[in-house]
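The next block is start.cif, given as mmCIF, C-alpha atoms.
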```cif
data_start
loop_
_atom_site.group_PDB
_atom_site.id
_atom_site.type_symbol
_atom_site.label_atom_id
_atom_site.label_comp_id
_atom_site.auth_asym_id
_atom_site.auth_seq_id
_atom_site.Cartn_x
_atom_site.Cartn_y
_atom_site.Cartn_z
ATOM 1 C CA MET A 16 -14.839 -0.242 -47.201
ATOM 2 C CA LYS A 17 -13.158 -3.606 -46.722
ATOM 3 C CA ILE A 18 -10.624 -2.023 -44.381
ATOM 4 C CA LEU A 19 -13.411 -0.358 -42.383
ATOM 5 C CA ASN A 20 -15.305 -3.639 -42.093
ATOM 6 C CA ALA A 21 -12.132 -5.404 -40.978
ATOM 7 C CA VAL A 22 -11.493 -2.768 -38.299
ATOM 8 C CA LEU A 23 -15.085 -2.935 -37.103
ATOM 9 C CA GLY A 24 -14.912 -6.711 -37.049
ATOM 10 C CA ALA A 25 -11.694 -6.723 -35.024
ATOM 11 C CA THR A 26 -13.151 -4.175 -32.609
ATOM 12 C CA ALA A 27 -16.301 -6.247 -32.174
ATOM 13 C CA LEU A 28 -14.231 -9.383 -31.582
ATOM 14 C CA ALA A 29 -12.113 -7.626 -28.964
ATOM 15 C CA ALA A 30 -15.220 -6.310 -27.227
ATOM 16 C CA LEU A 31 -16.794 -9.773 -27.276
ATOM 17 C CA SER A 32 -13.619 -11.245 -25.824
ATOM 18 C CA LEU A 33 -13.573 -8.690 -23.009
ATOM 19 C CA PHE A 34 -17.277 -9.295 -22.336
ATOM 20 C CA SER A 35 -16.707 -13.043 -22.255
ATOM 21 C CA ALA A 36 -13.774 -12.712 -19.840
ATOM 22 C CA SER A 37 -15.799 -10.414 -17.603
ATOM 23 C CA ALA A 38 -18.797 -12.748 -17.675
ATOM 24 C CA ASN A 39 -16.642 -15.716 -16.773
ATOM 25 C CA ALA A 40 -15.052 -13.758 -13.921
ATOM 26 C CA GLN A 41 -18.518 -12.998 -12.485
ATOM 27 C CA GLY A 42 -18.905 -16.675 -11.590
ATOM 28 C CA TYR A 43 -15.284 -17.058 -10.506
ATOM 29 C CA PRO A 44 -14.090 -19.398 -9.177
ATOM 30 C CA GLU A 45 -15.852 -22.343 -10.745
ATOM 31 C CA ARG A 46 -13.081 -24.884 -10.301
ATOM 32 C CA GLN A 47 -9.900 -25.690 -8.441
ATOM 33 C CA ILE A 48 -7.183 -23.014 -8.230
ATOM 34 C CA THR A 49 -3.435 -23.696 -8.296
ATOM 35 C CA MET A 50 -1.123 -21.578 -6.167
ATOM 36 C CA VAL A 51 2.512 -21.921 -7.206
ATOM 37 C CA VAL A 52 5.285 -21.773 -4.595
ATOM 38 C CA PRO A 53 8.598 -21.126 -6.365
ATOM 39 C CA PHE A 54 10.543 -23.123 -3.775
ATOM 40 C CA SER A 55 10.695 -26.684 -2.491
ATOM 41 C CA ALA A 56 8.059 -28.224 -0.234
ATOM 42 C CA GLY A 57 8.588 -27.897 3.508
ATOM 43 C CA GLY A 58 10.430 -24.584 3.329
ATOM 44 C CA PRO A 59 9.346 -21.320 5.005
ATOM 45 C CA THR A 60 7.440 -19.931 2.011
ATOM 46 C CA ASP A 61 5.731 -23.273 1.442
ATOM 47 C CA THR A 62 4.561 -23.270 5.081
ATOM 48 C CA VAL A 63 3.079 -19.779 4.765
ATOM 49 C CA THR A 64 1.404 -20.651 1.466
ATOM 50 C CA ARG A 65 -0.312 -23.782 2.707
ATOM 51 C CA LEU A 66 -1.756 -21.993 5.741
ATOM 52 C CA VAL A 67 -3.168 -19.141 3.669
ATOM 53 C CA ALA A 68 -4.344 -21.320 0.765
ATOM 54 C CA GLU A 69 -6.378 -23.558 3.045
ATOM 55 C CA SER A 70 -8.182 -20.609 4.604
ATOM 56 C CA MET A 71 -8.740 -18.787 1.294
ATOM 57 C CA SER A 72 -10.292 -21.954 -0.126
ATOM 58 C CA LYS A 73 -13.086 -21.744 2.439
ATOM 59 C CA ASP A 74 -14.032 -18.205 1.447
ATOM 60 C CA LEU A 75 -13.804 -18.848 -2.288
ATOM 61 C CA GLY A 76 -15.727 -22.114 -2.160
ATOM 62 C CA GLN A 77 -13.111 -23.879 -4.270
ATOM 63 C CA GLN A 78 -9.980 -25.739 -3.261
ATOM 64 C CA ILE A 79 -6.610 -24.060 -3.730
ATOM 65 C CA ILE A 80 -3.912 -26.652 -4.278
ATOM 66 C CA VAL A 81 -0.248 -25.799 -3.757
ATOM 67 C CA GLU A 82 2.239 -26.650 -6.484
ATOM 68 C CA ASN A 83 5.973 -26.433 -5.762
ATOM 69 C CA VAL A 84 7.985 -25.257 -8.767
ATOM 70 C CA GLY A 85 11.457 -24.712 -7.360
ATOM 71 C CA GLY A 86 14.673 -23.723 -9.048
ATOM 72 C CA ALA A 87 16.678 -20.671 -10.136
ATOM 73 C CA GLY A 88 15.992 -18.725 -6.966
ATOM 74 C CA GLY A 89 12.236 -18.734 -7.467
ATOM 75 C CA THR A 90 12.329 -17.459 -11.043
ATOM 76 C CA LEU A 91 11.158 -20.749 -12.597
ATOM 77 C CA GLY A 92 7.961 -20.721 -10.570
ATOM 78 C CA ALA A 93 7.403 -17.036 -11.259
ATOM 79 C CA ALA A 94 7.863 -17.627 -14.989
ATOM 80 C CA ARG A 95 5.382 -20.506 -14.864
ATOM 81 C CA VAL A 96 2.709 -18.131 -13.547
ATOM 82 C CA ALA A 97 3.691 -15.210 -15.789
ATOM 83 C CA ASN A 98 3.068 -17.469 -18.807
ATOM 84 C CA ALA A 99 -0.121 -19.067 -17.486
ATOM 85 C CA GLU A 100 -3.620 -18.373 -18.793
ATOM 86 C CA PRO A 101 -4.804 -15.116 -17.159
ATOM 87 C CA ASP A 102 -8.049 -16.556 -15.849
ATOM 88 C CA GLY A 103 -7.469 -16.473 -12.099
ATOM 89 C CA TYR A 104 -6.823 -20.198 -11.773
ATOM 90 C CA THR A 105 -3.026 -20.015 -11.540
ATOM 91 C CA LEU A 106 -1.514 -17.861 -8.800
ATOM 92 C CA LEU A 107 1.933 -17.231 -7.353
ATOM 93 C CA LEU A 108 2.918 -16.749 -3.730
ATOM 94 C CA HIS A 109 6.451 -15.384 -3.681
ATOM 95 C CA HIS A 110 8.603 -13.652 -1.085
ATOM 96 C CA ILE A 111 11.064 -10.751 -1.212
ATOM 97 C CA GLY A 112 12.922 -12.641 -3.956
ATOM 98 C CA MET A 113 10.333 -11.285 -6.386
ATOM 99 C CA ALA A 114 11.998 -7.892 -5.936
ATOM 100 C CA THR A 115 15.633 -8.924 -5.632
ATOM 101 C CA SER A 116 15.601 -11.206 -8.688
ATOM 102 C CA ALA A 117 15.063 -8.118 -10.848
ATOM 103 C CA THR A 118 18.700 -7.180 -10.107
ATOM 104 C CA LEU A 119 20.154 -10.531 -9.095
ATOM 105 C CA TYR A 120 19.453 -12.198 -12.461
ATOM 106 C CA ARG A 121 21.009 -10.661 -15.539
ATOM 107 C CA LYS A 122 18.206 -12.039 -17.723
ATOM 108 C CA LEU A 123 14.708 -12.908 -16.555
ATOM 109 C CA PRO A 124 12.061 -14.633 -18.717
ATOM 110 C CA TYR A 125 9.484 -12.061 -17.540
ATOM 111 C CA ASP A 126 9.206 -8.358 -16.727
ATOM 112 C CA THR A 127 8.944 -8.280 -12.925
ATOM 113 C CA LEU A 128 6.782 -5.172 -12.625
ATOM 114 C CA ASN A 129 4.626 -5.680 -15.707
ATOM 115 C CA ALA A 130 4.079 -9.442 -16.087
ATOM 116 C CA PHE A 131 1.700 -9.821 -13.138
ATOM 117 C CA GLU A 132 -1.471 -8.573 -11.524
ATOM 118 C CA TYR A 133 -1.240 -7.943 -7.787
ATOM 119 C CA VAL A 134 -3.488 -9.539 -5.150
ATOM 120 C CA GLY A 135 -1.984 -8.437 -1.829
ATOM 121 C CA LEU A 136 0.633 -8.808 0.873
ATOM 122 C CA VAL A 137 0.402 -11.859 3.134
ATOM 123 C CA THR A 138 2.962 -11.478 5.914
ATOM 124 C CA GLU A 139 6.412 -10.128 6.691
ATOM 125 C CA VAL A 140 8.575 -12.748 8.357
ATOM 126 C CA PRO A 141 11.571 -11.684 10.486
ATOM 127 C CA MET A 142 14.971 -13.292 9.986
ATOM 128 C CA THR A 143 17.234 -14.713 12.669
ATOM 129 C CA LEU A 144 21.017 -14.661 12.620
ATOM 130 C CA LEU A 145 22.333 -18.062 13.692
ATOM 131 C CA ALA A 146 25.563 -19.974 14.058
ATOM 132 C CA ARG A 147 26.567 -23.555 14.780
ATOM 133 C CA LYS A 148 25.922 -24.524 18.380
ATOM 134 C CA ASP A 149 29.610 -24.556 19.333
ATOM 135 C CA MET A 150 30.429 -21.135 17.859
ATOM 136 C CA GLU A 151 32.899 -19.355 20.142
ATOM 137 C CA ALA A 152 31.165 -15.950 20.041
ATOM 138 C CA THR A 153 28.538 -15.364 22.731
ATOM 139 C CA ASP A 154 26.905 -12.217 21.307
ATOM 140 C CA LEU A 155 26.529 -10.449 17.976
ATOM 141 C CA LYS A 156 29.527 -8.192 18.529
ATOM 142 C CA GLY A 157 31.636 -11.262 19.216
ATOM 143 C CA LEU A 158 30.308 -12.975 16.095
ATOM 144 C CA ILE A 159 31.183 -9.953 13.960
ATOM 145 C CA ASP A 160 34.692 -9.784 15.449
ATOM 146 C CA TYR A 161 35.162 -13.506 14.813
ATOM 147 C CA ALA A 162 33.936 -13.205 11.224
ATOM 148 C CA LYS A 163 36.235 -10.292 10.460
ATOM 149 C CA ALA A 164 39.248 -12.035 11.976
ATOM 150 C CA ASN A 165 38.574 -15.249 10.040
ATOM 151 C CA GLN A 166 36.878 -14.007 6.878
ATOM 152 C CA ASP A 167 38.693 -16.422 4.566
ATOM 153 C CA LYS A 168 37.362 -19.476 6.376
ATOM 154 C CA VAL A 169 34.038 -18.424 7.971
ATOM 155 C CA THR A 170 31.206 -20.013 5.968
ATOM 156 C CA VAL A 171 27.716 -18.583 5.502
ATOM 157 C CA ALA A 172 25.101 -21.142 4.410
ATOM 158 C CA ASN A 173 22.033 -20.343 2.342
ATOM 159 C CA ALA A 174 19.221 -22.221 0.607
ATOM 160 C CA GLY A 175 20.396 -21.219 -2.874
ATOM 161 C CA ILE A 176 20.903 -18.126 -4.989
ATOM 162 C CA GLY A 177 17.930 -15.812 -4.563
ATOM 163 C CA ALA A 178 16.623 -17.532 -1.423
ATOM 164 C CA ALA A 179 15.780 -15.392 1.619
ATOM 165 C CA SER A 180 18.771 -16.814 3.461
ATOM 166 C CA HIS A 181 21.047 -15.803 0.571
ATOM 167 C CA LEU A 182 19.717 -12.243 0.653
ATOM 168 C CA CYS A 183 20.082 -12.014 4.418
ATOM 169 C CA GLY A 184 23.626 -13.363 4.204
ATOM 170 C CA MET A 185 24.513 -10.679 1.652
ATOM 171 C CA LEU A 186 22.965 -8.027 3.893
ATOM 172 C CA PHE A 187 25.010 -9.277 6.875
ATOM 173 C CA MET A 188 28.254 -9.096 4.912
ATOM 174 C CA SER A 189 27.314 -5.640 3.622
ATOM 175 C CA ALA A 190 26.496 -4.434 7.131
ATOM 176 C CA ILE A 191 29.832 -5.600 8.609
ATOM 177 C CA GLU A 192 31.738 -4.640 5.429
ATOM 178 C CA THR A 193 33.370 -8.066 5.231
ATOM 179 C CA SER A 194 33.211 -10.740 2.537
ATOM 180 C CA LEU A 195 32.771 -14.259 3.883
ATOM 181 C CA VAL A 196 32.665 -17.689 2.212
ATOM 182 C CA THR A 197 29.160 -18.230 0.815
ATOM 183 C CA VAL A 198 27.924 -21.839 0.673
ATOM 184 C CA PRO A 199 24.713 -22.307 -1.365
ATOM 185 C CA TYR A 200 22.533 -25.404 -0.917
ATOM 186 C CA LYS A 201 19.559 -26.801 -2.808
ATOM 187 C CA GLY A 202 16.973 -25.813 -0.244
ATOM 188 C CA THR A 203 16.616 -24.725 3.369
ATOM 189 C CA GLY A 204 16.574 -28.285 4.726
ATOM 190 C CA PRO A 205 20.095 -29.346 3.735
ATOM 191 C CA ALA A 206 21.514 -25.946 4.709
ATOM 192 C CA MET A 207 20.025 -26.232 8.192
ATOM 193 C CA THR A 208 21.164 -29.856 8.473
ATOM 194 C CA ASP A 209 24.777 -28.842 7.884
ATOM 195 C CA LEU A 210 24.500 -25.946 10.324
ATOM 196 C CA LEU A 211 23.189 -28.362 12.962
ATOM 197 C CA GLY A 212 26.064 -30.708 12.175
ATOM 198 C CA GLY A 213 28.665 -27.934 12.406
ATOM 199 C CA GLN A 214 29.739 -28.245 8.778
ATOM 200 C CA VAL A 215 29.023 -24.526 8.219
ATOM 201 C CA ASP A 216 29.377 -21.597 10.603
ATOM 202 C CA ILE A 217 26.603 -19.067 10.058
ATOM 203 C CA MET A 218 23.119 -18.902 8.583
ATOM 204 C CA CYS A 219 20.462 -16.190 8.455
ATOM 205 C CA ASP A 220 16.950 -17.494 7.830
ATOM 206 C CA GLN A 221 13.264 -16.873 8.462
ATOM 207 C CA THR A 222 11.701 -17.511 11.859
ATOM 208 C CA THR A 223 9.267 -19.890 10.155
ATOM 209 C CA ASN A 224 12.247 -22.197 9.700
ATOM 210 C CA THR A 225 14.431 -21.415 12.720
ATOM 211 C CA THR A 226 12.190 -20.854 15.748
ATOM 212 C CA LYS A 227 11.984 -24.514 16.761
ATOM 213 C CA GLN A 228 15.752 -24.962 16.415
ATOM 214 C CA ILE A 229 16.411 -21.876 18.540
ATOM 215 C CA GLN A 230 13.941 -22.983 21.203
ATOM 216 C CA ALA A 231 15.521 -26.451 21.262
ATOM 217 C CA GLY A 232 19.004 -24.991 21.654
ATOM 218 C CA THR A 233 20.401 -26.893 18.671
ATOM 219 C CA VAL A 234 21.796 -23.675 17.160
ATOM 220 C CA LYS A 235 23.215 -20.503 18.659
ATOM 221 C CA ALA A 236 21.035 -17.466 17.924
ATOM 222 C CA TYR A 237 22.330 -13.893 18.051
ATOM 223 C CA ALA A 238 19.554 -11.553 16.922
ATOM 224 C CA VAL A 239 16.220 -11.182 15.166
ATOM 225 C CA THR A 240 15.881 -8.698 12.302
ATOM 226 C CA SER A 241 12.507 -7.256 13.363
ATOM 227 C CA PRO A 242 12.093 -3.796 14.957
ATOM 228 C CA GLU A 243 10.819 -5.415 18.177
ATOM 229 C CA ARG A 244 11.503 -8.647 20.023
ATOM 230 C CA LEU A 245 9.255 -11.603 19.256
ATOM 231 C CA ASP A 246 6.925 -13.150 21.833
ATOM 232 C CA VAL A 247 8.091 -16.645 20.890
ATOM 233 C CA LEU A 248 11.776 -15.660 21.235
ATOM 234 C CA LYS A 249 11.679 -13.068 24.011
ATOM 235 C CA ASP A 250 15.323 -13.550 25.037
ATOM 236 C CA LEU A 251 16.635 -12.901 21.538
ATOM 237 C CA PRO A 252 17.627 -9.234 21.014
ATOM 238 C CA THR A 253 16.806 -7.289 17.885
ATOM 239 C CA VAL A 254 19.663 -6.417 15.534
ATOM 240 C CA LYS A 255 19.280 -2.795 16.612
ATOM 241 C CA GLU A 256 19.646 -3.736 20.277
ATOM 242 C CA ALA A 257 22.630 -5.906 19.388
ATOM 243 C CA GLY A 258 24.359 -3.032 17.586
ATOM 244 C CA LEU A 259 23.697 -3.780 13.909
ATOM 245 C CA PRO A 260 20.606 -1.751 12.877
ATOM 246 C CA GLN A 261 21.531 -2.065 9.172
ATOM 247 C CA MET A 262 20.379 -5.690 9.400
ATOM 248 C CA GLU A 263 16.748 -4.799 10.117
ATOM 249 C CA VAL A 264 14.765 -6.571 7.401
ATOM 250 C CA GLY A 265 11.638 -8.647 6.912
ATOM 251 C CA ILE A 266 10.942 -11.293 4.289
ATOM 252 C CA TRP A 267 7.579 -10.161 2.964
ATOM 253 C CA HIS A 268 5.299 -12.422 0.949
ATOM 254 C CA GLY A 269 2.719 -11.507 -1.674
ATOM 255 C CA ILE A 270 0.243 -13.157 -4.027
ATOM 256 C CA TYR A 271 0.290 -12.496 -7.787
ATOM 257 C CA ALA A 272 -1.683 -13.556 -10.876
ATOM 258 C CA PRO A 273 -0.765 -13.456 -14.588
ATOM 259 C CA LYS A 274 -1.076 -10.073 -16.316
ATOM 260 C CA GLY A 275 -4.543 -9.660 -17.794
ATOM 261 C CA THR A 276 -6.392 -11.618 -15.102
ATOM 262 C CA PRO A 277 -9.874 -10.016 -14.883
ATOM 263 C CA LYS A 278 -10.296 -7.386 -12.172
ATOM 264 C CA GLU A 279 -13.361 -9.218 -10.855
ATOM 265 C CA ALA A 280 -11.212 -12.279 -10.122
ATOM 266 C CA ILE A 281 -8.439 -10.182 -8.544
ATOM 267 C CA ASP A 282 -10.979 -8.443 -6.310
ATOM 268 C CA LYS A 283 -12.414 -11.778 -5.130
ATOM 269 C CA LEU A 284 -8.926 -13.145 -4.450
ATOM 270 C CA SER A 285 -7.922 -10.039 -2.519
ATOM 271 C CA LYS A 286 -11.090 -10.242 -0.411
ATOM 272 C CA ALA A 287 -10.481 -13.939 0.273
ATOM 273 C CA LEU A 288 -6.917 -13.122 1.328
ATOM 274 C CA GLN A 289 -8.158 -10.458 3.737
ATOM 275 C CA VAL A 290 -10.622 -12.942 5.234
ATOM 276 C CA ALA A 291 -7.906 -15.594 5.560
ATOM 277 C CA LEU A 292 -5.540 -13.236 7.364
ATOM 278 C CA LYS A 293 -8.257 -12.624 9.973
ATOM 279 C CA ASP A 294 -8.747 -16.360 10.486
ATOM 280 C CA PRO A 295 -7.892 -17.057 14.170
ATOM 281 C CA ASN A 296 -6.244 -20.359 13.220
ATOM 282 C CA VAL A 297 -3.985 -18.655 10.664
ATOM 283 C CA ALA A 298 -3.095 -15.863 13.087
ATOM 284 C CA ALA A 299 -2.299 -18.328 15.893
ATOM 285 C CA ARG A 300 -0.134 -20.472 13.647
ATOM 286 C CA PHE A 301 1.709 -17.421 12.346
ATOM 287 C CA VAL A 302 2.505 -16.378 15.928
ATOM 288 C CA GLU A 303 3.979 -19.818 16.579
ATOM 289 C CA LEU A 304 6.200 -19.294 13.545
ATOM 290 C CA GLY A 305 7.393 -15.900 14.768
ATOM 291 C CA THR A 306 5.353 -13.740 12.401
ATOM 292 C CA LYS A 307 1.884 -12.246 12.004
ATOM 293 C CA PRO A 308 -0.627 -11.673 9.186
ATOM 294 C CA SER A 309 -0.458 -8.482 7.162
ATOM 295 C CA PRO A 310 -3.101 -5.894 8.144
ATOM 296 C CA GLU A 311 -6.126 -5.592 5.871
ATOM 297 C CA ALA A 312 -4.813 -2.357 4.322
ATOM 298 C CA ASP A 313 -1.735 -4.245 3.071
ATOM 299 C CA ALA A 314 -3.644 -7.234 1.681
ATOM 300 C CA THR A 315 -4.531 -5.222 -1.414
ATOM 301 C CA PRO A 316 -3.213 -4.964 -4.987
ATOM 302 C CA GLU A 317 -2.130 -1.353 -4.452
ATOM 303 C CA ALA A 318 -0.085 -2.121 -1.330
ATOM 304 C CA LEU A 319 1.695 -5.090 -2.911
ATOM 305 C CA LYS A 320 2.587 -3.126 -6.045
ATOM 306 C CA ALA A 321 4.014 -0.259 -3.984
ATOM 307 C CA LYS A 322 5.986 -2.705 -1.832
ATOM 308 C CA LEU A 323 7.493 -4.459 -4.854
ATOM 309 C CA GLU A 324 8.538 -1.189 -6.505
ATOM 310 C CA GLY A 325 10.129 0.111 -3.294
ATOM 311 C CA GLU A 326 11.982 -3.130 -2.566
ATOM 312 C CA ILE A 327 13.472 -3.374 -6.059
ATOM 313 C CA ALA A 328 14.980 0.075 -5.486
ATOM 314 C CA ARG A 329 16.169 -0.814 -1.960
ATOM 315 C CA TRP A 330 17.968 -4.046 -2.830
ATOM 316 C CA LYS A 331 19.557 -2.997 -6.115
ATOM 317 C CA PRO A 332 22.617 -1.294 -4.507
ATOM 318 C CA VAL A 333 23.087 -4.124 -1.965
ATOM 319 C CA ILE A 334 23.190 -6.781 -4.703
ATOM 320 C CA GLU A 335 25.409 -4.698 -6.959
ATOM 321 C CA ALA A 336 27.878 -4.112 -4.113
ATOM 322 C CA ALA A 337 28.011 -7.842 -3.321
ATOM 323 C CA GLY A 338 28.497 -8.717 -6.992
ATOM 324 C CA GLN A 339 26.745 -12.072 -6.497
ATOM 325 C CA TYR A 340 24.766 -12.268 -9.741
ATOM 326 C CA ALA A 341 23.072 -15.298 -11.248
ATOM 327 C CA ASP A 342 22.788 -16.184 -14.928
#
```

Step by step, read the file and then write its structure as structure tokens.
Amino acid sequence: MKILNAVLGATALAALSLFSASANAQGYPERQITMVVPFSAGGPTDTVTRLVAESMSKDLGQQIIVENVGGAGGTLGAARVANAEPDGYTLLLHHIGMATSATLYRKLPYDTLNAFEYVGLVTEVPMTLLARKDMEATDLKGLIDYAKANQDKVTVANAGIGAASHLCGMLFMSAIETSLVTVPYKGTGPAMTDLLGGQVDIMCDQTTNTTKQIQAGTVKAYAVTSPERLDVLKDLPTVKEAGLPQMEVGIWHGIYAPKGTPKEAIDKLSKALQVALKDPNVAARFVELGTKPSPEADATPEALKAKLEGEIARWKPVIEAAGQYAD
């Protein structure tokens, strides 16, 4: 009898807890929300996050503040959210690194596929393949020939292990079947600074960070990794046009919440994201940055989950072939 009473009591407590969580979610959000960016302020992902967070705040009726938790290729910020209270008040906006870190890091403090709830996809940003302004090669074929002929001294800059620029650099080396000298930095800013100064030779980074430099002519651009040319960079060929279709890739971004966040909160967040991506100001700013908002059908939990699963499978062989793991 005591055991039965204990079981009934535990069941009642669990039911009460679920009811309480659901009731709280009905009035969600009732206070400020924190959206974690797992990279430094001022970088490409930070730019995307701040645009979307500001617009989502209007629909939700509560401010979303952006918190930068950089380090370890985005895994520190992801872990911060994975371990947060699952109440809808701590979110994560992460890019493709959410998928690649599952292979890139030998040990992660969270289970990538099972530690989060999914809100939706935000945007897919093209990459641009760049070199220092005085690079001898005038087109992508010339750059590849130069890299192969000088592979022991050609340097490829990136913003750190796990950053989008690191992934794109690995993909470039995989596509041309040549290992080059990888130079990791602590952020996109210092990597770009050294490219501008000619201290490094090549960099592959998101249009949100490179468009202004390309337009100003302070770097030499060879191709964009999108299927079609961009309106803001009409003279820049696609990698397919330039003869390297294996380099076609986009740096997609998605929003996550801790596992166990009530469905009511996830639904409200997903709706707010869909509204934000239709905001004319967000769309116009994205165009200036060389990207565009995800369509409504992709700004859903189901679409983000499917994307993450597919991208983990896609990048696993690329990372394993490069052998560039992180502890």

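Proximity ranking of A:Leu292, A:Leu319, A:Leu106, A:Val239 relative to A:Pro260 places A:Val239 first, based on all atoms listed in the file.
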
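Here atom CA of A:Met218 is placed at a distance of 6.1 Å from atom CA of A:Ala146.
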
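By only C-alpha atoms, and with residues fewer than 2 positions from A:Ala312 along its chain excluded, the set lying at most 12 Å from it is A:Val134, A:Gly135, A:Leu136, A:Val137, A:Ser285, A:Lys286, A:Leu288, A:Gln289, A:Leu292, A:Pro308, A:Ser309, A:Pro310, A:Ala314, A:Thr315, A:Pro316, A:Glu317, A:Ala318, A:Leu319.
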
Atoms kept (C-alpha atoms) for selection, written as an mmCIF file, in the frame of the given file:
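Saved file selection-v1.cif follows:
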```cif
data_model
loop_
_atom_site.group_PDB
_atom_site.id
_atom_site.type_symbol
_atom_site.label_atom_id
_atom_site.label_comp_id
_atom_site.auth_asym_id
_atom_site.auth_seq_id
_atom_site.Cartn_x
_atom_site.Cartn_y
_atom_site.Cartn_z
ATOM 1 C CA VAL A 134 -3.488 -9.539 -5.150
ATOM 2 C CA GLY A 135 -1.984 -8.437 -1.829
ATOM 3 C CA LEU A 136 0.633 -8.808 0.873
ATOM 4 C CA VAL A 137 0.402 -11.859 3.134
ATOM 5 C CA SER A 285 -7.922 -10.039 -2.519
ATOM 6 C CA LYS A 286 -11.090 -10.242 -0.411
ATOM 7 C CA LEU A 288 -6.917 -13.122 1.328
ATOM 8 C CA GLN A 289 -8.158 -10.458 3.737
ATOM 9 C CA LEU A 292 -5.540 -13.236 7.364
ATOM 10 C CA PRO A 308 -0.627 -11.673 9.186
ATOM 11 C CA SER A 309 -0.458 -8.482 7.162
ATOM 12 C CA PRO A 310 -3.101 -5.894 8.144
ATOM 13 C CA ALA A 314 -3.644 -7.234 1.681
ATOM 14 C CA THR A 315 -4.531 -5.222 -1.414
ATOM 15 C CA PRO A 316 -3.213 -4.964 -4.987
ATOM 16 C CA GLU A 317 -2.130 -1.353 -4.452
ATOM 17 C CA ALA A 318 -0.085 -2.121 -1.330
ATOM 18 C CA LEU A 319 1.695 -5.090 -2.911
#
```

For this structure, which residues satisfy the selection - the PyMOL selection byres ((chain A and resi 47-54) around 9) - when it is evaluated on the file as given? I want them as an NGL selection string. :A and (44-46 or 55-58 or 60-61 or 64 or 68 or 72 or 77-93 or 95-96 or 103-109 or 178 or 202 or 270)

Leaving out stretch 179-183 of chain A and any residue of its chain fewer than 6 positions from it, which residues lie within 8 Å of it when counting only C-alpha atoms, given as an mmCIF file with C-alpha atoms, keeping the file's coordinate frame?
```
data_model
loop_
_atom_site.group_PDB
_atom_site.id
_atom_site.type_symbol
_atom_site.label_atom_id
_atom_site.label_comp_id
_atom_site.auth_asym_id
_atom_site.auth_seq_id
_atom_site.Cartn_x
_atom_site.Cartn_y
_atom_site.Cartn_z
ATOM 1 C CA HIS A 110 8.603 -13.652 -1.085
ATOM 2 C CA ILE A 111 11.064 -10.751 -1.212
ATOM 3 C CA GLY A 112 12.922 -12.641 -3.956
ATOM 4 C CA MET A 142 14.971 -13.292 9.986
ATOM 5 C CA ALA A 172 25.101 -21.142 4.410
ATOM 6 C CA ASN A 173 22.033 -20.343 2.342
ATOM 7 C CA PRO A 199 24.713 -22.307 -1.365
ATOM 8 C CA MET A 218 23.119 -18.902 8.583
ATOM 9 C CA CYS A 219 20.462 -16.190 8.455
ATOM 10 C CA ASP A 220 16.950 -17.494 7.830
ATOM 11 C CA GLN A 221 13.264 -16.873 8.462
ATOM 12 C CA ILE A 266 10.942 -11.293 4.289
#
```

Name the residues in contact with A:Pro242 at a cut-off of 10 Å, using only C-alpha atoms, excluding same-chain residues fewer than 5 positions from it; report them as a PyMOL selection string. chain A and resi 141+252-256+260+263-265

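Here the question is which of A:Thr197, A:Pro295, A:Phe187, A:Gly275 gets nearest to A:Thr143 using all atoms listed in the file, and that residue is A:Phe187.
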
Would you translate the PyMOL selection byres ((chain A and resi 297-303) around 9) into the concrete set of residues it matches in this file, as a list in words? Val63, Leu66, Val67, Ser70, Thr138, Thr223, Thr226, Leu245, Asp246, Val247, Ala291, Leu292, Lys293, Asp294, Pro295, Asn296, Leu304, Gly305, Thr306, Lys307 and Pro308 of chain A

Keeping C-alpha atoms for every residue in the selection just given, could you write it to a file as an mmCIF file, keeping the file's coordinate frame?
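Result file follows (selection-v9.cif):
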```cif
data_model
loop_
_atom_site.group_PDB
_atom_site.id
_atom_site.type_symbol
_atom_site.label_atom_id
_atom_site.label_comp_id
_atom_site.auth_asym_id
_atom_site.auth_seq_id
_atom_site.Cartn_x
_atom_site.Cartn_y
_atom_site.Cartn_z
ATOM 1 C CA VAL A 63 3.079 -19.779 4.765
ATOM 2 C CA LEU A 66 -1.756 -21.993 5.741
ATOM 3 C CA VAL A 67 -3.168 -19.141 3.669
ATOM 4 C CA SER A 70 -8.182 -20.609 4.604
ATOM 5 C CA THR A 138 2.962 -11.478 5.914
ATOM 6 C CA THR A 223 9.267 -19.890 10.155
ATOM 7 C CA THR A 226 12.190 -20.854 15.748
ATOM 8 C CA LEU A 245 9.255 -11.603 19.256
ATOM 9 C CA ASP A 246 6.925 -13.150 21.833
ATOM 10 C CA VAL A 247 8.091 -16.645 20.890
ATOM 11 C CA ALA A 291 -7.906 -15.594 5.560
ATOM 12 C CA LEU A 292 -5.540 -13.236 7.364
ATOM 13 C CA LYS A 293 -8.257 -12.624 9.973
ATOM 14 C CA ASP A 294 -8.747 -16.360 10.486
ATOM 15 C CA PRO A 295 -7.892 -17.057 14.170
ATOM 16 C CA ASN A 296 -6.244 -20.359 13.220
ATOM 17 C CA LEU A 304 6.200 -19.294 13.545
ATOM 18 C CA GLY A 305 7.393 -15.900 14.768
ATOM 19 C CA THR A 306 5.353 -13.740 12.401
ATOM 20 C CA LYS A 307 1.884 -12.246 12.004
ATOM 21 C CA PRO A 308 -0.627 -11.673 9.186
#
```

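Between atom CA of A:Leu119 and atom CA of A:Gly338 the separation is 8.8 Å.
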